[in-house]
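Asks: First the structure, then my questions, so here it is.
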Amino acid sequence: MRISRRTFIASPLVAGVLTVPDFVVAQGVDGLPIGFEPIFDGLSSPVGYVDANDGSGRFFIVEQDGRVLVSNGGELLDTPFLDIRTTISTGSEQGLLSIALDPGFGDNGRVFVSFTDTEGDSQVVRYSVRADDPNQLDPETAVTILSLDQPYPNHNGGDIVFGPDGYLYLGFGDGGSQGDPENRAQNPSELLGKILRIDVGGDQEPYGIPADNPFVDDSSFAPEVFAWGLRNPWRLSFDRETGDLWIGDVGQSAIEEIDLIPTGTSGQNFGWNIFEGTECYAGECDESGLTMPVEQYTHEYGCSVTGGYVYRGASIPDLVGTYLFADYCTGYLWGLVPNGDGTYTATDFIETSMNPSSFAQDASGELYILDLNGGISRVVAG
């Protein structure tokens with residue numbers, strides 16, 4: 001998979017289709033003893049599945065066309081948690097892209113929502129639950145946290161996640177088109193092509209800048225910048241045990257990459273558009289000061305990486321510590337297994353027969369995979 005390290009051998013097609021309500025085993029050559037247990041079908045382009053983690057047993061399902069549904073004990077409620085279909089743009093890579101529950105959600109009911117508005121620009125808006133119904137967000141409580149002009153309709157990124165430090169991390173692409181024509185990812189003053197880190201829990205409105213952000217004392221950088229040189233970081237996740245931040249950065253025309261920000265570090269420049277993965281993309285390429293991907297694969301195996309999670313659940317002991325990720329176009333799914341020295345070995349891929357849009361993690365560390373065609377499946381032992 002990583003073109004500079006090893007060649008992958010395709011494993012047999014043994015995974016099932018989400019619309020079949022049966023347990024399906026998917027076994028890769030190198031292991032990955034996992035299966036996919038369908039739990040939802042017929043959704044509208046699901047891109048998020050979020051555990052309320054407040055003792056209610058609820059999950060929130062994010063649909064790209066603008067609704068957030070409530071699953072209560074596996075049953076979908078008739079009334080959406082949120083419906084902003086009339087205020088978003090859709091098509092291409094736009095729409096309702098992510099939600100993040102405040103670390104104090106069980107007490108304050110605050111939810112942060114990332115979407116592209118009717119002009120195609122990125123918005124991050126905070127809502128609170130209704131005083132009379134915890135299964136609905138109150139539109140009257142909407143507060144815009146961040147607005148970001150998008151010059152093109154693609155490479156929006158749009159994932160937002162809270163880190164173990166309580167700060168909100170936001171992933172934004174380079175603004176779109178091809179090759180980052182305005183060089184935004186390598187422009188330190190731009191918010192596009194970056195991972196941002198902001199404080200939405202303090203007294204500053206709409207947000208504050210954490211004092212330990214890597215570039216707060218460098219006037220050439222926007223102070224929100226936590227990492228830079230990214231093309232389209234569609235999905236981010238934290239390892240709940242180590243605090244490492246994993247990024248699936250969608251490539252241009254040749255390479256998809258997985259980037260890693262180890263806990264306690266920041267300020268990495270992941271190289272786009274100087275490099276695409278480890279390959280020189282523009283002009284003369286110098287790796288000095290750049291952080292190369294921890295793993296990559298060529299377009300022989302797909303065309304759009306979907307970042308996942310490090311498995312920290314209890315139901316699949318052999319999977320613990322393995323980072324799962326997939327390709328949206330082919331449905332191939334891989335695991336990155338730690339070697340114990342800061343490097344990782346990728347498993348052979350398995351075929352899922354899905355178009356994976358996202359992964360999800362519940363409060364106990366178990367994982368889920370979302371199919372943009374309408375399904376959500378639990379990752380289970382094979």
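Residue numbering restarts at 1 for every chain of the structure tokens, chains are lettered A, B, ... in their displayed order, and ligands are numbered from 1 as they appear.
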I'd like the contact shell of A:Asp133 - 12 Å cut-off, only C-alpha atoms, skipping same-chain residues fewer than 4 positions apart - returned as a PyMOL selection string.
Replies: chain A and resi 79-81+109+128-129+137-138
Asks: Using only C-alpha atoms, which of the listed residues (A:Ile99, A:Leu82, A:Ile88, A:Leu168) sits closest to A:Leu69?
Replies: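 Smallest separation from A:Leu69 among the options: A:Leu82.
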Asks: Step one, run DSSP on the backbone; step two, keep only residues of stretch 19-268 of chain A assigned to alpha helix (DSSP H); then write them as a PyMOL selection string.
Replies: chain A and resi 105-108
Asks: The selected residues should be written to file as a PDB file, in the first residue's frame (atoms: N, CA and C atoms).
Replies:
```
ATOM      1  N   PHE A 105     -21.938  18.117  27.425  1.00  0.00           N
ATOM      2  CA  PHE A 105     -23.254  18.031  26.799  1.00  0.00           C
ATOM      3  C   PHE A 105     -24.334  17.537  27.748  1.00  0.00           C
ATOM      4  N   GLY A 106     -24.008  16.569  28.591  1.00  0.00           N
ATOM      5  CA  GLY A 106     -25.012  16.025  29.500  1.00  0.00           C
ATOM      6  C   GLY A 106     -25.580  17.070  30.431  1.00  0.00           C
ATOM      7  N   ASP A 107     -24.821  18.141  30.698  1.00  0.00           N
ATOM      8  CA  ASP A 107     -25.276  19.202  31.597  1.00  0.00           C
ATOM      9  C   ASP A 107     -25.730  20.451  30.846  1.00  0.00           C
ATOM     10  N   ASN A 108     -24.981  20.825  29.770  1.00  0.00           N
ATOM     11  CA  ASN A 108     -25.305  22.101  29.116  1.00  0.00           C
ATOM     12  C   ASN A 108     -26.064  21.945  27.799  1.00  0.00           C
TER      13      ASN A 108
END
```
Asks: Quick one: distance from atom CA of A:Arg85 to atom CA of A:Arg58 in Å, one decimal?
Replies: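 Atom-to-atom, atom CA of A:Arg85 to atom CA of A:Arg58, that is 22.3 Å.
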Asks: Would you mind listing, for every residue of stretch 240-308 of chain A within 9 Å of stretch 210-226 of chain A, the two atoms forming the shortest contact and the distance between them in Å to one decimal, using only C-alpha atoms, sorted by chain and ascending residue number, as CSV?
Replies:
```
residue,atom,partner,partner_atom,distance
A:Thr265,CA,A:Pro214,CA,8.8
A:Ser266,CA,A:Phe226,CA,6.0
A:Gly267,CA,A:Phe226,CA,5.5
A:Gln268,CA,A:Phe226,CA,7.7
```
Asks: Show me, as JSON, numbers by chain, the residues that have an atom within 9 Å of stretch 321-332 of chain A when counting only C-alpha atoms, minus same-chain residues fewer than 4 positions from it.
Replies: {"A": [239, 246, 248, 256, 258, 301, 302, 303, 304, 305, 306, 307, 308, 309, 310, 311, 312, 336, 337, 338, 349, 350, 351, 352, 353, 354, 355, 356, 357, 358, 359, 371, 372]}
Asks: Extract the full set of strand (DSSP E or B) residues from stretch 86-307 of chain A according to DSSP on the backbone, and format it as a PDB file with N, CA and C atoms, in the first residue's frame.
Replies:
```pdb
ATOM      1  N   ILE A  88     -28.629  25.106   3.923  1.00  0.00           N
ATOM      2  CA  ILE A  88     -27.332  24.586   3.517  1.00  0.00           C
ATOM      3  C   ILE A  88     -27.264  24.429   2.007  1.00  0.00           C
ATOM      4  N   LEU A  96     -24.359  19.249   5.266  1.00  0.00           N
ATOM      5  CA  LEU A  96     -24.148  19.096   6.695  1.00  0.00           C
ATOM      6  C   LEU A  96     -23.051  18.057   6.869  1.00  0.00           C
ATOM      7  N   LEU A  97     -21.924  18.444   7.441  1.00  0.00           N
ATOM      8  CA  LEU A  97     -20.719  17.628   7.371  1.00  0.00           C
ATOM      9  C   LEU A  97     -20.332  16.978   8.689  1.00  0.00           C
ATOM     10  N   SER A  98     -20.694  17.587   9.820  1.00  0.00           N
ATOM     11  CA  SER A  98     -20.247  17.030  11.091  1.00  0.00           C
ATOM     12  C   SER A  98     -20.954  17.722  12.240  1.00  0.00           C
ATOM     13  N   ILE A  99     -21.075  17.022  13.361  1.00  0.00           N
ATOM     14  CA  ILE A  99     -21.472  17.648  14.613  1.00  0.00           C
ATOM     15  C   ILE A  99     -20.516  17.186  15.710  1.00  0.00           C
ATOM     16  N   ALA A 100     -20.387  17.998  16.738  1.00  0.00           N
ATOM     17  CA  ALA A 100     -19.561  17.643  17.886  1.00  0.00           C
ATOM     18  C   ALA A 100     -20.307  18.043  19.152  1.00  0.00           C
ATOM     19  N   LEU A 101     -20.474  17.105  20.053  1.00  0.00           N
ATOM     20  CA  LEU A 101     -21.137  17.389  21.317  1.00  0.00           C
ATOM     21  C   LEU A 101     -20.150  18.010  22.290  1.00  0.00           C
ATOM     22  N   ARG A 110     -25.113  21.545  24.781  1.00  0.00           N
ATOM     23  CA  ARG A 110     -24.578  22.307  23.651  1.00  0.00           C
ATOM     24  C   ARG A 110     -24.027  21.372  22.575  1.00  0.00           C
ATOM     25  N   VAL A 111     -24.320  21.732  21.321  1.00  0.00           N
ATOM     26  CA  VAL A 111     -23.885  20.948  20.168  1.00  0.00           C
ATOM     27  C   VAL A 111     -23.318  21.903  19.122  1.00  0.00           C
ATOM     28  N   PHE A 112     -22.176  21.542  18.544  1.00  0.00           N
ATOM     29  CA  PHE A 112     -21.544  22.344  17.503  1.00  0.00           C
ATOM     30  C   PHE A 112     -21.766  21.650  16.164  1.00  0.00           C
ATOM     31  N   VAL A 113     -22.167  22.425  15.164  1.00  0.00           N
ATOM     32  CA  VAL A 113     -22.597  21.890  13.878  1.00  0.00           C
ATOM     33  C   VAL A 113     -21.769  22.531  12.769  1.00  0.00           C
ATOM     34  N   SER A 114     -21.223  21.694  11.875  1.00  0.00           N
ATOM     35  CA  SER A 114     -20.407  22.174  10.759  1.00  0.00           C
ATOM     36  C   SER A 114     -21.125  21.891   9.448  1.00  0.00           C
ATOM     37  N   PHE A 115     -21.275  22.920   8.607  1.00  0.00           N
ATOM     38  CA  PHE A 115     -21.984  22.762   7.337  1.00  0.00           C
ATOM     39  C   PHE A 115     -21.545  23.836   6.367  1.00  0.00           C
ATOM     40  N   THR A 116     -21.932  23.669   5.103  1.00  0.00           N
ATOM     41  CA  THR A 116     -21.760  24.728   4.114  1.00  0.00           C
ATOM     42  C   THR A 116     -23.103  25.397   3.892  1.00  0.00           C
ATOM     43  N   ASP A 117     -23.118  26.728   3.921  1.00  0.00           N
ATOM     44  CA  ASP A 117     -24.374  27.462   3.804  1.00  0.00           C
ATOM     45  C   ASP A 117     -24.808  27.561   2.345  1.00  0.00           C
ATOM     46  N   SER A 122     -18.247  27.750   4.566  1.00  0.00           N
ATOM     47  CA  SER A 122     -18.259  26.904   5.767  1.00  0.00           C
ATOM     48  C   SER A 122     -18.747  27.692   6.975  1.00  0.00           C
ATOM     49  N   GLN A 123     -19.594  27.059   7.760  1.00  0.00           N
ATOM     50  CA  GLN A 123     -20.116  27.645   8.984  1.00  0.00           C
ATOM     51  C   GLN A 123     -20.001  26.622  10.112  1.00  0.00           C
ATOM     52  N   VAL A 124     -19.609  27.097  11.268  1.00  0.00           N
ATOM     53  CA  VAL A 124     -19.660  26.290  12.491  1.00  0.00           C
ATOM     54  C   VAL A 124     -20.562  27.043  13.462  1.00  0.00           C
ATOM     55  N   VAL A 125     -21.663  26.394  13.836  1.00  0.00           N
ATOM     56  CA  VAL A 125     -22.710  27.044  14.624  1.00  0.00           C
ATOM     57  C   VAL A 125     -22.975  26.225  15.876  1.00  0.00           C
ATOM     58  N   ARG A 126     -23.158  26.928  16.988  1.00  0.00           N
ATOM     59  CA  ARG A 126     -23.483  26.266  18.258  1.00  0.00           C
ATOM     60  C   ARG A 126     -24.982  26.344  18.520  1.00  0.00           C
ATOM     61  N   TYR A 127     -25.549  25.212  18.895  1.00  0.00           N
ATOM     62  CA  TYR A 127     -26.950  25.131  19.307  1.00  0.00           C
ATOM     63  C   TYR A 127     -27.029  24.560  20.713  1.00  0.00           C
ATOM     64  N   SER A 128     -28.183  24.753  21.335  1.00  0.00           N
ATOM     65  CA  SER A 128     -28.485  24.107  22.618  1.00  0.00           C
ATOM     66  C   SER A 128     -29.799  23.357  22.490  1.00  0.00           C
ATOM     67  N   VAL A 129     -29.963  22.318  23.282  1.00  0.00           N
ATOM     68  CA  VAL A 129     -31.207  21.542  23.237  1.00  0.00           C
ATOM     69  C   VAL A 129     -32.356  22.379  23.786  1.00  0.00           C
ATOM     70  N   ARG A 130     -33.544  22.058  23.347  1.00  0.00           N
ATOM     71  CA  ARG A 130     -34.737  22.758  23.812  1.00  0.00           C
ATOM     72  C   ARG A 130     -34.954  22.495  25.292  1.00  0.00           C
ATOM     73  N   ASP A 133     -37.548  19.699  25.531  1.00  0.00           N
ATOM     74  CA  ASP A 133     -37.396  18.451  24.781  1.00  0.00           C
ATOM     75  C   ASP A 133     -35.913  18.200  24.495  1.00  0.00           C
ATOM     76  N   PRO A 134     -35.278  17.293  25.214  1.00  0.00           N
ATOM     77  CA  PRO A 134     -33.852  17.033  25.000  1.00  0.00           C
ATOM     78  C   PRO A 134     -33.551  16.351  23.668  1.00  0.00           C
ATOM     79  N   ASN A 135     -34.595  15.954  22.921  1.00  0.00           N
ATOM     80  CA  ASN A 135     -34.400  15.302  21.631  1.00  0.00           C
ATOM     81  C   ASN A 135     -34.506  16.265  20.455  1.00  0.00           C
ATOM     82  N   GLN A 136     -34.485  17.575  20.752  1.00  0.00           N
ATOM     83  CA  GLN A 136     -34.491  18.580  19.693  1.00  0.00           C
ATOM     84  C   GLN A 136     -33.562  19.722  20.063  1.00  0.00           C
ATOM     85  N   LEU A 137     -32.845  20.228  19.065  1.00  0.00           N
ATOM     86  CA  LEU A 137     -32.074  21.448  19.259  1.00  0.00           C
ATOM     87  C   LEU A 137     -32.980  22.652  19.003  1.00  0.00           C
ATOM     88  N   ASP A 138     -32.750  23.698  19.768  1.00  0.00           N
ATOM     89  CA  ASP A 138     -33.564  24.900  19.659  1.00  0.00           C
ATOM     90  C   ASP A 138     -32.931  25.840  18.642  1.00  0.00           C
ATOM     91  N   PRO A 139     -33.581  26.083  17.490  1.00  0.00           N
ATOM     92  CA  PRO A 139     -32.984  26.973  16.475  1.00  0.00           C
ATOM     93  C   PRO A 139     -32.788  28.399  16.980  1.00  0.00           C
ATOM     94  N   GLU A 140     -33.533  28.804  18.011  1.00  0.00           N
ATOM     95  CA  GLU A 140     -33.392  30.161  18.542  1.00  0.00           C
ATOM     96  C   GLU A 140     -32.081  30.346  19.306  1.00  0.00           C
ATOM     97  N   THR A 141     -31.402  29.233  19.623  1.00  0.00           N
ATOM     98  CA  THR A 141     -30.156  29.334  20.385  1.00  0.00           C
ATOM     99  C   THR A 141     -28.922  29.380  19.486  1.00  0.00           C
ATOM    100  N   ALA A 142     -29.108  29.407  18.156  1.00  0.00           N
ATOM    101  CA  ALA A 142     -27.986  29.326  17.218  1.00  0.00           C
ATOM    102  C   ALA A 142     -27.033  30.506  17.397  1.00  0.00           C
ATOM    103  N   VAL A 143     -25.756  30.192  17.538  1.00  0.00           N
ATOM    104  CA  VAL A 143     -24.698  31.200  17.620  1.00  0.00           C
ATOM    105  C   VAL A 143     -23.599  30.790  16.647  1.00  0.00           C
ATOM    106  N   THR A 144     -23.270  31.670  15.712  1.00  0.00           N
ATOM    107  CA  THR A 144     -22.213  31.360  14.758  1.00  0.00           C
ATOM    108  C   THR A 144     -20.855  31.489  15.438  1.00  0.00           C
ATOM    109  N   ILE A 145     -20.094  30.397  15.400  1.00  0.00           N
ATOM    110  CA  ILE A 145     -18.776  30.374  16.013  1.00  0.00           C
ATOM    111  C   ILE A 145     -17.714  30.792  15.014  1.00  0.00           C
ATOM    112  N   LEU A 146     -17.817  30.286  13.789  1.00  0.00           N
ATOM    113  CA  LEU A 146     -16.794  30.577  12.777  1.00  0.00           C
ATOM    114  C   LEU A 146     -17.430  30.530  11.401  1.00  0.00           C
ATOM    115  N   SER A 147     -17.073  31.499  10.558  1.00  0.00           N
ATOM    116  CA  SER A 147     -17.481  31.522   9.152  1.00  0.00           C
ATOM    117  C   SER A 147     -16.224  31.576   8.303  1.00  0.00           C
ATOM    118  N   LEU A 148     -16.217  30.771   7.240  1.00  0.00           N
ATOM    119  CA  LEU A 148     -15.020  30.685   6.410  1.00  0.00           C
ATOM    120  C   LEU A 148     -15.435  30.642   4.948  1.00  0.00           C
ATOM    121  N   ILE A 160     -15.381  18.282  12.680  1.00  0.00           N
ATOM    122  CA  ILE A 160     -15.076  18.961  13.933  1.00  0.00           C
ATOM    123  C   ILE A 160     -15.139  17.929  15.054  1.00  0.00           C
ATOM    124  N   VAL A 161     -14.134  17.964  15.936  1.00  0.00           N
ATOM    125  CA  VAL A 161     -14.068  17.009  17.042  1.00  0.00           C
ATOM    126  C   VAL A 161     -13.491  17.712  18.264  1.00  0.00           C
ATOM    127  N   PHE A 162     -13.947  17.313  19.429  1.00  0.00           N
ATOM    128  CA  PHE A 162     -13.338  17.794  20.659  1.00  0.00           C
ATOM    129  C   PHE A 162     -12.181  16.885  21.025  1.00  0.00           C
ATOM    130  N   LEU A 168     -11.807  22.503  20.729  1.00  0.00           N
ATOM    131  CA  LEU A 168     -12.453  22.064  19.498  1.00  0.00           C
ATOM    132  C   LEU A 168     -11.444  22.108  18.355  1.00  0.00           C
ATOM    133  N   TYR A 169     -11.322  20.982  17.645  1.00  0.00           N
ATOM    134  CA  TYR A 169     -10.432  20.859  16.494  1.00  0.00           C
ATOM    135  C   TYR A 169     -11.284  20.824  15.232  1.00  0.00           C
ATOM    136  N   LEU A 170     -10.863  21.601  14.217  1.00  0.00           N
ATOM    137  CA  LEU A 170     -11.618  21.726  12.985  1.00  0.00           C
ATOM    138  C   LEU A 170     -10.693  21.449  11.803  1.00  0.00           C
ATOM    139  N   GLY A 171     -11.139  20.608  10.879  1.00  0.00           N
ATOM    140  CA  GLY A 171     -10.358  20.311   9.689  1.00  0.00           C
ATOM    141  C   GLY A 171     -10.951  20.981   8.462  1.00  0.00           C
ATOM    142  N   PHE A 172     -10.151  21.780   7.770  1.00  0.00           N
ATOM    143  CA  PHE A 172     -10.605  22.449   6.555  1.00  0.00           C
ATOM    144  C   PHE A 172      -9.657  22.140   5.399  1.00  0.00           C
ATOM    145  N   LYS A 194      -5.849  23.549   6.734  1.00  0.00           N
ATOM    146  CA  LYS A 194      -5.305  23.502   8.082  1.00  0.00           C
ATOM    147  C   LYS A 194      -6.167  22.644   9.024  1.00  0.00           C
ATOM    148  N   ILE A 195      -5.565  22.267  10.149  1.00  0.00           N
ATOM    149  CA  ILE A 195      -6.303  21.833  11.329  1.00  0.00           C
ATOM    150  C   ILE A 195      -6.278  23.006  12.297  1.00  0.00           C
ATOM    151  N   LEU A 196      -7.446  23.445  12.731  1.00  0.00           N
ATOM    152  CA  LEU A 196      -7.554  24.559  13.666  1.00  0.00           C
ATOM    153  C   LEU A 196      -7.861  24.028  15.062  1.00  0.00           C
ATOM    154  N   ARG A 197      -7.480  24.786  16.059  1.00  0.00           N
ATOM    155  CA  ARG A 197      -7.740  24.423  17.474  1.00  0.00           C
ATOM    156  C   ARG A 197      -8.194  25.688  18.190  1.00  0.00           C
ATOM    157  N   ILE A 198      -9.432  25.649  18.697  1.00  0.00           N
ATOM    158  CA  ILE A 198      -9.997  26.832  19.334  1.00  0.00           C
ATOM    159  C   ILE A 198     -10.653  26.456  20.661  1.00  0.00           C
ATOM    160  N   ASP A 199     -10.820  27.468  21.512  1.00  0.00           N
ATOM    161  CA  ASP A 199     -11.428  27.293  22.829  1.00  0.00           C
ATOM    162  C   ASP A 199     -12.858  27.828  22.781  1.00  0.00           C
ATOM    163  N   GLY A 208     -12.005  31.495  21.916  1.00  0.00           N
ATOM    164  CA  GLY A 208     -10.696  31.969  22.323  1.00  0.00           C
ATOM    165  C   GLY A 208      -9.600  31.149  21.652  1.00  0.00           C
ATOM    166  N   VAL A 225      -4.246  28.147  13.945  1.00  0.00           N
ATOM    167  CA  VAL A 225      -3.625  27.021  13.239  1.00  0.00           C
ATOM    168  C   VAL A 225      -2.930  26.078  14.216  1.00  0.00           C
ATOM    169  N   PHE A 226      -3.275  24.793  14.102  1.00  0.00           N
ATOM    170  CA  PHE A 226      -2.659  23.740  14.898  1.00  0.00           C
ATOM    171  C   PHE A 226      -1.726  22.885  14.041  1.00  0.00           C
ATOM    172  N   ALA A 227      -2.089  22.665  12.776  1.00  0.00           N
ATOM    173  CA  ALA A 227      -1.259  21.952  11.801  1.00  0.00           C
ATOM    174  C   ALA A 227      -1.659  22.460  10.421  1.00  0.00           C
ATOM    175  N   TRP A 228      -0.750  22.292   9.435  1.00  0.00           N
ATOM    176  CA  TRP A 228      -1.015  22.896   8.128  1.00  0.00           C
ATOM    177  C   TRP A 228      -0.475  22.015   7.015  1.00  0.00           C
ATOM    178  N   PRO A 233      -8.681  17.283   4.676  1.00  0.00           N
ATOM    179  CA  PRO A 233      -8.774  16.373   5.819  1.00  0.00           C
ATOM    180  C   PRO A 233     -10.234  16.066   6.162  1.00  0.00           C
ATOM    181  N   TRP A 234     -10.801  15.129   5.419  1.00  0.00           N
ATOM    182  CA  TRP A 234     -12.231  14.843   5.521  1.00  0.00           C
ATOM    183  C   TRP A 234     -12.636  14.321   6.903  1.00  0.00           C
ATOM    184  N   ARG A 235     -11.800  13.443   7.505  1.00  0.00           N
ATOM    185  CA  ARG A 235     -12.153  12.887   8.811  1.00  0.00           C
ATOM    186  C   ARG A 235     -10.942  12.849   9.738  1.00  0.00           C
ATOM    187  N   LEU A 236     -11.194  13.287  10.998  1.00  0.00           N
ATOM    188  CA  LEU A 236     -10.200  13.331  12.058  1.00  0.00           C
ATOM    189  C   LEU A 236     -10.679  12.471  13.216  1.00  0.00           C
ATOM    190  N   SER A 237      -9.747  11.978  14.024  1.00  0.00           N
ATOM    191  CA  SER A 237     -10.144  11.294  15.260  1.00  0.00           C
ATOM    192  C   SER A 237      -8.987  11.270  16.236  1.00  0.00           C
ATOM    193  N   PHE A 238      -9.331  11.254  17.509  1.00  0.00           N
ATOM    194  CA  PHE A 238      -8.343  11.101  18.565  1.00  0.00           C
ATOM    195  C   PHE A 238      -8.342   9.660  19.063  1.00  0.00           C
ATOM    196  N   LEU A 245      -3.698  12.343  17.426  1.00  0.00           N
ATOM    197  CA  LEU A 245      -4.695  12.811  16.461  1.00  0.00           C
ATOM    198  C   LEU A 245      -4.386  12.208  15.096  1.00  0.00           C
ATOM    199  N   TRP A 246      -5.363  11.458  14.542  1.00  0.00           N
ATOM    200  CA  TRP A 246      -5.235  10.803  13.238  1.00  0.00           C
ATOM    201  C   TRP A 246      -6.035  11.578  12.197  1.00  0.00           C
ATOM    202  N   ILE A 247      -5.462  11.698  10.992  1.00  0.00           N
ATOM    203  CA  ILE A 247      -6.076  12.480   9.922  1.00  0.00           C
ATOM    204  C   ILE A 247      -6.061  11.665   8.641  1.00  0.00           C
ATOM    205  N   GLY A 248      -7.210  11.544   7.998  1.00  0.00           N
ATOM    206  CA  GLY A 248      -7.278  10.998   6.654  1.00  0.00           C
ATOM    207  C   GLY A 248      -7.345  12.152   5.673  1.00  0.00           C
ATOM    208  N   ASP A 249      -6.250  12.391   4.934  1.00  0.00           N
ATOM    209  CA  ASP A 249      -6.188  13.536   4.030  1.00  0.00           C
ATOM    210  C   ASP A 249      -6.361  13.053   2.590  1.00  0.00           C
ATOM    211  N   ILE A 255      -2.287   9.835  -4.829  1.00  0.00           N
ATOM    212  CA  ILE A 255      -1.984   9.245  -3.525  1.00  0.00           C
ATOM    213  C   ILE A 255      -2.965   9.724  -2.464  1.00  0.00           C
ATOM    214  N   GLU A 256      -3.420   8.781  -1.651  1.00  0.00           N
ATOM    215  CA  GLU A 256      -4.218   9.071  -0.453  1.00  0.00           C
ATOM    216  C   GLU A 256      -3.327   8.846   0.770  1.00  0.00           C
ATOM    217  N   GLU A 257      -3.493   9.690   1.797  1.00  0.00           N
ATOM    218  CA  GLU A 257      -2.561   9.581   2.913  1.00  0.00           C
ATOM    219  C   GLU A 257      -3.233   9.619   4.276  1.00  0.00           C
ATOM    220  N   ILE A 258      -2.554   8.983   5.224  1.00  0.00           N
ATOM    221  CA  ILE A 258      -2.920   9.037   6.637  1.00  0.00           C
ATOM    222  C   ILE A 258      -1.823   9.799   7.359  1.00  0.00           C
ATOM    223  N   ASP A 259      -2.208  10.859   8.072  1.00  0.00           N
ATOM    224  CA  ASP A 259      -1.271  11.671   8.832  1.00  0.00           C
ATOM    225  C   ASP A 259      -1.516  11.493  10.321  1.00  0.00           C
ATOM    226  N   LEU A 260      -0.481  11.730  11.102  1.00  0.00           N
ATOM    227  CA  LEU A 260      -0.552  11.501  12.540  1.00  0.00           C
ATOM    228  C   LEU A 260       0.105  12.657  13.280  1.00  0.00           C
ATOM    229  N   ILE A 261      -0.619  13.177  14.275  1.00  0.00           N
ATOM    230  CA  ILE A 261      -0.069  14.178  15.183  1.00  0.00           C
ATOM    231  C   ILE A 261       0.028  13.524  16.560  1.00  0.00           C
ATOM    232  N   ASN A 269       3.704  20.550   9.380  1.00  0.00           N
ATOM    233  CA  ASN A 269       3.364  20.908   8.002  1.00  0.00           C
ATOM    234  C   ASN A 269       3.384  19.610   7.208  1.00  0.00           C
ATOM    235  N   PHE A 275       4.187  18.346  -1.762  1.00  0.00           N
ATOM    236  CA  PHE A 275       4.142  16.905  -1.943  1.00  0.00           C
ATOM    237  C   PHE A 275       2.692  16.433  -1.974  1.00  0.00           C
ATOM    238  N   GLU A 276       2.454  15.378  -2.707  1.00  0.00           N
ATOM    239  CA  GLU A 276       1.227  14.582  -2.577  1.00  0.00           C
ATOM    240  C   GLU A 276       1.675  13.253  -1.988  1.00  0.00           C
ATOM    241  N   GLU A 279       5.328  11.828  -2.664  1.00  0.00           N
ATOM    242  CA  GLU A 279       5.758  12.111  -4.030  1.00  0.00           C
ATOM    243  C   GLU A 279       5.759  13.614  -4.287  1.00  0.00           C
ATOM    244  N   CYS A 280       6.785  14.074  -4.974  1.00  0.00           N
ATOM    245  CA  CYS A 280       6.885  15.487  -5.313  1.00  0.00           C
ATOM    246  C   CYS A 280       5.712  15.880  -6.203  1.00  0.00           C
ATOM    247  N   GLU A 295       1.214   6.630   6.588  1.00  0.00           N
ATOM    248  CA  GLU A 295       0.844   5.597   5.614  1.00  0.00           C
ATOM    249  C   GLU A 295       0.201   6.255   4.413  1.00  0.00           C
ATOM    250  N   GLN A 296       0.232   5.568   3.272  1.00  0.00           N
ATOM    251  CA  GLN A 296      -0.372   6.090   2.052  1.00  0.00           C
ATOM    252  C   GLN A 296      -0.684   4.930   1.122  1.00  0.00           C
ATOM    253  N   TYR A 297      -1.552   5.195   0.136  1.00  0.00           N
ATOM    254  CA  TYR A 297      -1.805   4.212  -0.913  1.00  0.00           C
ATOM    255  C   TYR A 297      -2.074   4.948  -2.213  1.00  0.00           C
ATOM    256  N   THR A 298      -1.796   4.274  -3.310  1.00  0.00           N
ATOM    257  CA  THR A 298      -1.965   4.882  -4.618  1.00  0.00           C
ATOM    258  C   THR A 298      -3.402   4.690  -5.108  1.00  0.00           C
ATOM    259  N   VAL A 305      -9.657   8.792   0.570  1.00  0.00           N
ATOM    260  CA  VAL A 305      -9.502   8.116   1.851  1.00  0.00           C
ATOM    261  C   VAL A 305     -10.538   8.614   2.863  1.00  0.00           C
ATOM    262  N   THR A 306     -11.052   7.705   3.661  1.00  0.00           N
ATOM    263  CA  THR A 306     -11.950   8.016   4.770  1.00  0.00           C
ATOM    264  C   THR A 306     -11.247   7.619   6.059  1.00  0.00           C
TER     265      THR A 306
END
```
Asks: Just give me the gap between atom CA of A:Gly176 and atom CA of A:Phe60 in Å, one decimal is fine.
Replies: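 Separating atom CA of A:Gly176 from atom CA of A:Phe60 is a distance of 28.9 Å.
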Asks: I need the residue nearest A:Gly251 from this list: A:Gly157, A:Gly175, A:Gly342, A:Gly277. Use only C-alpha atoms for the distance.
Replies: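 The answer is A:Gly277, which sits nearest to A:Gly251.
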Asks: For the atom pair atom CA of A:Leu32 and atom CA of A:Asp159, what is the interatomic distance in Å to one decimal place?
Replies: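 So the two atoms, atom CA of A:Leu32 and atom CA of A:Asp159, lie 26.6 Å apart.
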Asks: If you count only C-alpha atoms, which residues fall within 10 Å of A:Ser89, apart from same-chain ones fewer than 2 positions away, as a ChimeraX atom specification?
Replies: /A:64-66,85-87,91-96,115-122,153
Asks: Got a sec: who's within 9 Å of A:Gly313, counting only C-alpha atoms, leaving out chain neighbours fewer than 4 positions off, as a PyMOL selection string?
Replies: chain A and resi 317+319-320+362+364-367
